[in-house]
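As structure tokens, the structure follows; a few thoughts come after it.
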Amino acid sequence: MGWMDQRSHQKEVLDEHDLSMERILPSLRFMRWVNRWLGGVGAVLGFFERDAAHGGELTVLDLGTGTGDIPVALQKWAKLNKRKFHITAIDSNPDFIEFAKRENSHPKIRYLCHSAFDLEKLGTFDYMTASMFFHHLPDEKIVELLRKMFQNSSRGFLVNDLYRHPVAYAGVACLTALRFDRVLFHDAKLSVKRGFRETDALNYREWSGIDQLQIEQKPGFRLTMSCRHG
């Protein structure tokens, strides 16, 4: 068995809610860079491009929004393509939400400090998205959240996260070593080890009972799990 065959269950430093923003900020900015240049934004926009024929305003719930970069990218795409989105972006970390409000304010993005595991309290949305969030969760919580996304989205959902691969691990190790931040260097490598392969996603499909869950590997060492209703 190879050293990357199984997901790591070691916790990232970023998952400790008592860290100061000074220690967290380099990691948040690196995640934003990774989403922009290594396939995160592209995976989300590709999902919504398939629904280009829809003319009305769509509601979207973004889980574990972090810096809010994915909702902002989605709104920019919507403007260019004459689409209308009203996005609610949630994160359980109040510091992340304050950062997102400050850095990525938008009239049609509502930022809330709210747990993804209480998403049903926010009502039903057309779509739900989660980017670079699921790898922070243990398997049983992933299955629970997939079911919640399935039950509370009227049109579908997308999970967009890291593909676990030695080349991805080596890549982020090199990129973060140049930034001289110990938390970032530790967490970026661990994020890849906590990422996913198709075998993991197939298990989640079986365990969640969502037979229509689509699993795809995307450029930039990304893996997506998505579902469309109807």
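Simple scheme: letters A, B, ... for chains in structure tokens order, numbers from 1 for residues in each chain, numbers from 1 for ligands in the order shown.
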| Skipping near chain neighbours, those fewer than 4 positions away, what residues fall within 12 Å of Asp118 (chain A) using only C-alpha atoms, listed as number ranges by chain? | A: 63, 90-92, 113-114, 122-123, 144-145, 148-149, 152
Expected file: the selected residues, all heavy atoms, as a short mmCIF file (atom, residue, chain, number, x, y, z; two decimals), in the first residue's frame:
```cif
data_model
loop_
_atom_site.label_atom_id
_atom_site.label_comp_id
_atom_site.auth_asym_id
_atom_site.auth_seq_id
_atom_site.Cartn_x
_atom_site.Cartn_y
_atom_site.Cartn_z
N LEU A 63 -20.72 26.66 1.13
CA LEU A 63 -20.36 26.14 2.45
C LEU A 63 -18.86 26.28 2.69
O LEU A 63 -18.06 26.05 1.80
CB LEU A 63 -20.75 24.67 2.57
CG LEU A 63 -22.15 24.26 2.13
CD1 LEU A 63 -22.33 22.75 2.32
CD2 LEU A 63 -23.20 25.02 2.90
N ILE A 90 -21.38 30.84 3.87
CA ILE A 90 -21.31 30.59 5.31
C ILE A 90 -19.97 29.97 5.71
O ILE A 90 -19.32 29.28 4.92
CB ILE A 90 -22.46 29.68 5.80
CG1 ILE A 90 -22.37 28.28 5.17
CG2 ILE A 90 -23.81 30.33 5.52
CD1 ILE A 90 -23.38 27.28 5.75
N ASP A 91 -19.56 30.25 6.93
CA ASP A 91 -18.40 29.63 7.53
C ASP A 91 -18.60 29.65 9.04
O ASP A 91 -19.19 30.61 9.57
CB ASP A 91 -17.11 30.38 7.15
CG ASP A 91 -15.87 29.50 7.27
OD1 ASP A 91 -15.52 29.11 8.41
OD2 ASP A 91 -15.26 29.20 6.23
N SER A 92 -18.13 28.63 9.72
CA SER A 92 -18.31 28.57 11.17
C SER A 92 -17.27 29.40 11.92
O SER A 92 -17.39 29.61 13.12
CB SER A 92 -18.26 27.13 11.67
OG SER A 92 -16.99 26.55 11.39
N CYS A 113 -21.95 33.80 9.66
CA CYS A 113 -21.23 32.86 10.51
C CYS A 113 -22.24 31.77 10.90
O CYS A 113 -23.12 32.00 11.74
CB CYS A 113 -20.68 33.57 11.74
SG CYS A 113 -19.64 32.50 12.76
N HIS A 114 -22.12 30.62 10.27
CA HIS A 114 -23.14 29.58 10.40
C HIS A 114 -22.50 28.23 10.09
O HIS A 114 -21.69 28.11 9.16
CB HIS A 114 -24.29 29.87 9.43
CG HIS A 114 -25.50 29.03 9.66
ND1 HIS A 114 -26.55 29.44 10.46
CD2 HIS A 114 -25.84 27.81 9.18
CE1 HIS A 114 -27.49 28.51 10.46
NE2 HIS A 114 -27.08 27.51 9.70
N LEU A 122 -31.35 27.44 7.12
CA LEU A 122 -31.31 28.57 6.18
C LEU A 122 -32.31 28.40 5.04
O LEU A 122 -32.47 29.31 4.22
CB LEU A 122 -29.90 28.73 5.61
CG LEU A 122 -28.80 29.03 6.64
CD1 LEU A 122 -27.43 29.01 5.96
CD2 LEU A 122 -29.04 30.38 7.31
N GLY A 123 -32.99 27.26 4.99
CA GLY A 123 -33.97 27.03 3.94
C GLY A 123 -33.37 26.29 2.75
O GLY A 123 -32.22 25.83 2.78
N GLU A 144 -22.62 12.72 5.99
CA GLU A 144 -23.73 13.48 6.56
C GLU A 144 -23.99 14.75 5.78
O GLU A 144 -25.15 15.09 5.46
CB GLU A 144 -23.42 13.83 8.02
CG GLU A 144 -24.50 14.66 8.70
CD GLU A 144 -24.11 15.09 10.11
OE1 GLU A 144 -23.12 14.56 10.66
OE2 GLU A 144 -24.81 15.99 10.65
N LEU A 145 -22.93 15.45 5.40
CA LEU A 145 -23.10 16.72 4.71
C LEU A 145 -23.55 16.53 3.26
O LEU A 145 -24.35 17.33 2.75
CB LEU A 145 -21.79 17.52 4.76
CG LEU A 145 -21.90 19.01 4.47
CD1 LEU A 145 -23.02 19.68 5.27
CD2 LEU A 145 -20.57 19.70 4.76
N LYS A 148 -27.23 16.20 3.46
CA LYS A 148 -27.87 17.49 3.72
C LYS A 148 -27.91 18.36 2.46
O LYS A 148 -28.91 19.02 2.16
CB LYS A 148 -27.14 18.24 4.84
CG LYS A 148 -27.41 17.70 6.25
CD LYS A 148 -26.61 18.45 7.30
CE LYS A 148 -26.92 17.94 8.71
NZ LYS A 148 -28.24 18.39 9.20
N MET A 149 -26.82 18.36 1.71
CA MET A 149 -26.78 19.13 0.46
C MET A 149 -27.79 18.58 -0.54
O MET A 149 -28.46 19.34 -1.24
CB MET A 149 -25.36 19.12 -0.12
CG MET A 149 -24.34 19.84 0.75
SD MET A 149 -22.63 19.68 0.13
CE MET A 149 -22.62 20.92 -1.17
N ASN A 152 -31.43 19.54 0.63
CA ASN A 152 -31.78 20.96 0.77
C ASN A 152 -31.43 21.81 -0.45
O ASN A 152 -31.50 23.03 -0.39
CB ASN A 152 -31.12 21.54 2.01
CG ASN A 152 -31.68 20.95 3.29
OD1 ASN A 152 -32.73 21.35 3.79
ND2 ASN A 152 -30.98 19.96 3.83
#
```
| task | Fewer than 4 positions away in the same chain doesn't count, so skip those; otherwise give me all residues within 12 Å of Ala170 (chain A), counting only C-alpha atoms, as a VMD selection string. | result | chain A and resid 164 to 166 174 to 177 185 188 to 190 192 to 193 221
For C-alpha atoms, I'd like the residues from the last selection saved as an mmCIF file, in the first residue's frame.
```
data_model
loop_
_atom_site.group_PDB
_atom_site.id
_atom_site.type_symbol
_atom_site.label_atom_id
_atom_site.label_comp_id
_atom_site.auth_asym_id
_atom_site.auth_seq_id
_atom_site.Cartn_x
_atom_site.Cartn_y
_atom_site.Cartn_z
ATOM 1 C CA ARG A 164 -4.657 13.239 -3.342
ATOM 2 C CA HIS A 165 -1.470 12.629 -5.328
ATOM 3 C CA PRO A 166 2.293 12.641 -4.621
ATOM 4 C CA CYS A 174 7.753 23.657 -2.992
ATOM 5 C CA LEU A 175 5.309 26.556 -3.317
ATOM 6 C CA THR A 176 4.798 27.018 0.415
ATOM 7 C CA ALA A 177 8.458 26.541 1.354
ATOM 8 C CA PHE A 185 3.926 24.846 4.993
ATOM 9 C CA ALA A 188 -0.751 22.840 2.678
ATOM 10 C CA LYS A 189 1.008 19.466 2.587
ATOM 11 C CA LEU A 190 -1.465 17.962 5.034
ATOM 12 C CA VAL A 192 -3.244 17.131 0.038
ATOM 13 C CA LYS A 193 -2.877 14.095 2.304
ATOM 14 C CA PHE A 221 -5.294 17.991 -9.021
#
```
| Backbone DSSP call of strand (DSSP E or B) for region 93-188 of chain A, listed as number ranges by chain | A: 109-113, 125-131, 153-163
Output of the above residues as a PDB file, in the first residue's frame, restricted to C-alpha atoms:
```pdb
ATOM      1  CA  ILE A 109     -23.396  38.003  -1.506  1.00  0.00           C
ATOM      2  CA  ARG A 110     -24.596  37.555   2.065  1.00  0.00           C
ATOM      3  CA  TYR A 111     -21.926  36.350   4.489  1.00  0.00           C
ATOM      4  CA  LEU A 112     -23.061  34.493   7.614  1.00  0.00           C
ATOM      5  CA  CYS A 113     -21.234  32.860  10.511  1.00  0.00           C
ATOM      6  CA  PHE A 125     -31.389  26.817  -2.236  1.00  0.00           C
ATOM      7  CA  ASP A 126     -31.263  26.111  -5.950  1.00  0.00           C
ATOM      8  CA  TYR A 127     -27.626  25.099  -5.706  1.00  0.00           C
ATOM      9  CA  MET A 128     -25.036  24.412  -3.025  1.00  0.00           C
ATOM     10  CA  THR A 129     -21.269  24.506  -3.415  1.00  0.00           C
ATOM     11  CA  ALA A 130     -18.321  23.596  -1.207  1.00  0.00           C
ATOM     12  CA  SER A 131     -14.740  24.313  -2.278  1.00  0.00           C
ATOM     13  CA  SER A 153     -30.861  21.869  -2.823  1.00  0.00           C
ATOM     14  CA  SER A 154     -33.604  22.018  -5.431  1.00  0.00           C
ATOM     15  CA  ARG A 155     -31.380  21.883  -8.542  1.00  0.00           C
ATOM     16  CA  GLY A 156     -28.116  20.307  -7.391  1.00  0.00           C
ATOM     17  CA  PHE A 157     -24.787  20.689  -5.635  1.00  0.00           C
ATOM     18  CA  LEU A 158     -21.039  20.628  -6.226  1.00  0.00           C
ATOM     19  CA  VAL A 159     -18.166  19.595  -3.955  1.00  0.00           C
ATOM     20  CA  ASN A 160     -14.816  20.773  -5.309  1.00  0.00           C
ATOM     21  CA  ASP A 161     -11.694  19.683  -3.466  1.00  0.00           C
ATOM     22  CA  LEU A 162      -8.152  18.330  -3.666  1.00  0.00           C
ATOM     23  CA  TYR A 163      -7.099  15.184  -5.496  1.00  0.00           C
TER      24      TYR A 163
END
```
| Selection near Ile215 (chain A), 12 Å with only C-alpha atoms, sequence-local residues under 6 positions removed, as a PyMOL selection string | chain A and resi 158-161+163+196-205+222-227
| field | Sel. of alpha helix (DSSP H) residues, region 45-172 of chain A, as a PyMOL selection string | value | chain A and resi 45-49+69-80+94-103+139-152+166-172
| said: Which residues are near Glu12 (chain A)? Cut-off 12 Å, only C-alpha atoms, ignore same chain within fewer than 4 positions. Put them as a VMD selection string. | reply: chain A and resid 8 16 to 17 19 24 27 135 to 137 182 to 194
I need the residues from that last selection saved to file as a PDB file, in the first residue's frame (with C-alpha atoms), if you can.
```
ATOM      1  CA  SER A   8      -4.815  11.298   6.547  1.00  0.00           C
ATOM      2  CA  GLU A  16      -7.989  25.401  15.541  1.00  0.00           C
ATOM      3  CA  HIS A  17     -10.438  28.258  16.073  1.00  0.00           C
ATOM      4  CA  LEU A  19      -5.565  31.034  16.221  1.00  0.00           C
ATOM      5  CA  ILE A  24      -4.141  32.351   9.629  1.00  0.00           C
ATOM      6  CA  SER A  27      -3.021  30.238   4.642  1.00  0.00           C
ATOM      7  CA  HIS A 135     -10.978  17.701   3.124  1.00  0.00           C
ATOM      8  CA  HIS A 136     -11.168  19.239   6.614  1.00  0.00           C
ATOM      9  CA  LEU A 137     -13.885  16.699   7.544  1.00  0.00           C
ATOM     10  CA  ARG A 182       5.431  27.270   9.213  1.00  0.00           C
ATOM     11  CA  VAL A 183       1.632  26.995   9.543  1.00  0.00           C
ATOM     12  CA  LEU A 184       1.113  27.317   5.799  1.00  0.00           C
ATOM     13  CA  PHE A 185       3.926  24.846   4.993  1.00  0.00           C
ATOM     14  CA  HIS A 186       2.478  22.285   7.414  1.00  0.00           C
ATOM     15  CA  ASP A 187      -1.190  22.678   6.456  1.00  0.00           C
ATOM     16  CA  ALA A 188      -0.751  22.840   2.678  1.00  0.00           C
ATOM     17  CA  LYS A 189       1.008  19.466   2.587  1.00  0.00           C
ATOM     18  CA  LEU A 190      -1.465  17.962   5.034  1.00  0.00           C
ATOM     19  CA  SER A 191      -4.394  19.265   2.961  1.00  0.00           C
ATOM     20  CA  VAL A 192      -3.244  17.131   0.038  1.00  0.00           C
ATOM     21  CA  LYS A 193      -2.877  14.095   2.304  1.00  0.00           C
ATOM     22  CA  ARG A 194      -6.437  14.729   3.532  1.00  0.00           C
TER      23      ARG A 194
END
```
| note | The residue from A:Gly40, A:Asp95, A:Phe48, A:Arg32 with the smallest atom-to-atom distance to Gly68 (chain A), counting only C-alpha atoms, is A:Arg32
| field | Residue nearest Phe133 (chain A) among A:Leu213, A:Asp15, A:Trp37, A:Tyr169 (counting only C-alpha atoms) | value | A:Asp15
| said: Under the rule that only C-alpha atoms are counted, which of A:Arg102, A:Glu57, A:Met21, A:Leu38 is the nearest residue to Ala78 (chain A)? | reply: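 Between A:Arg102, A:Glu57, A:Met21, A:Leu38, the residue approaching Ala78 (chain A) most closely is A:Glu57.
CA of Gly46 (chain A) is found 15.8 Å from CA of Lys82 (chain A).
Our summary of the geometry notes that CA of Gly66 (chain A) is positioned 15.7 Å from CA of Asp18 (chain A).
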| task | For Phe85 (chain A), list every protein, DNA or RNA residue within 10 Å, evaluated using only C-alpha atoms, and leave out those in the same chain fewer than 2 positions away; present the list as number ranges by chain. | result | A: 56-60, 71, 74-75, 77-79, 82-83, 87-88, 108-109, 126
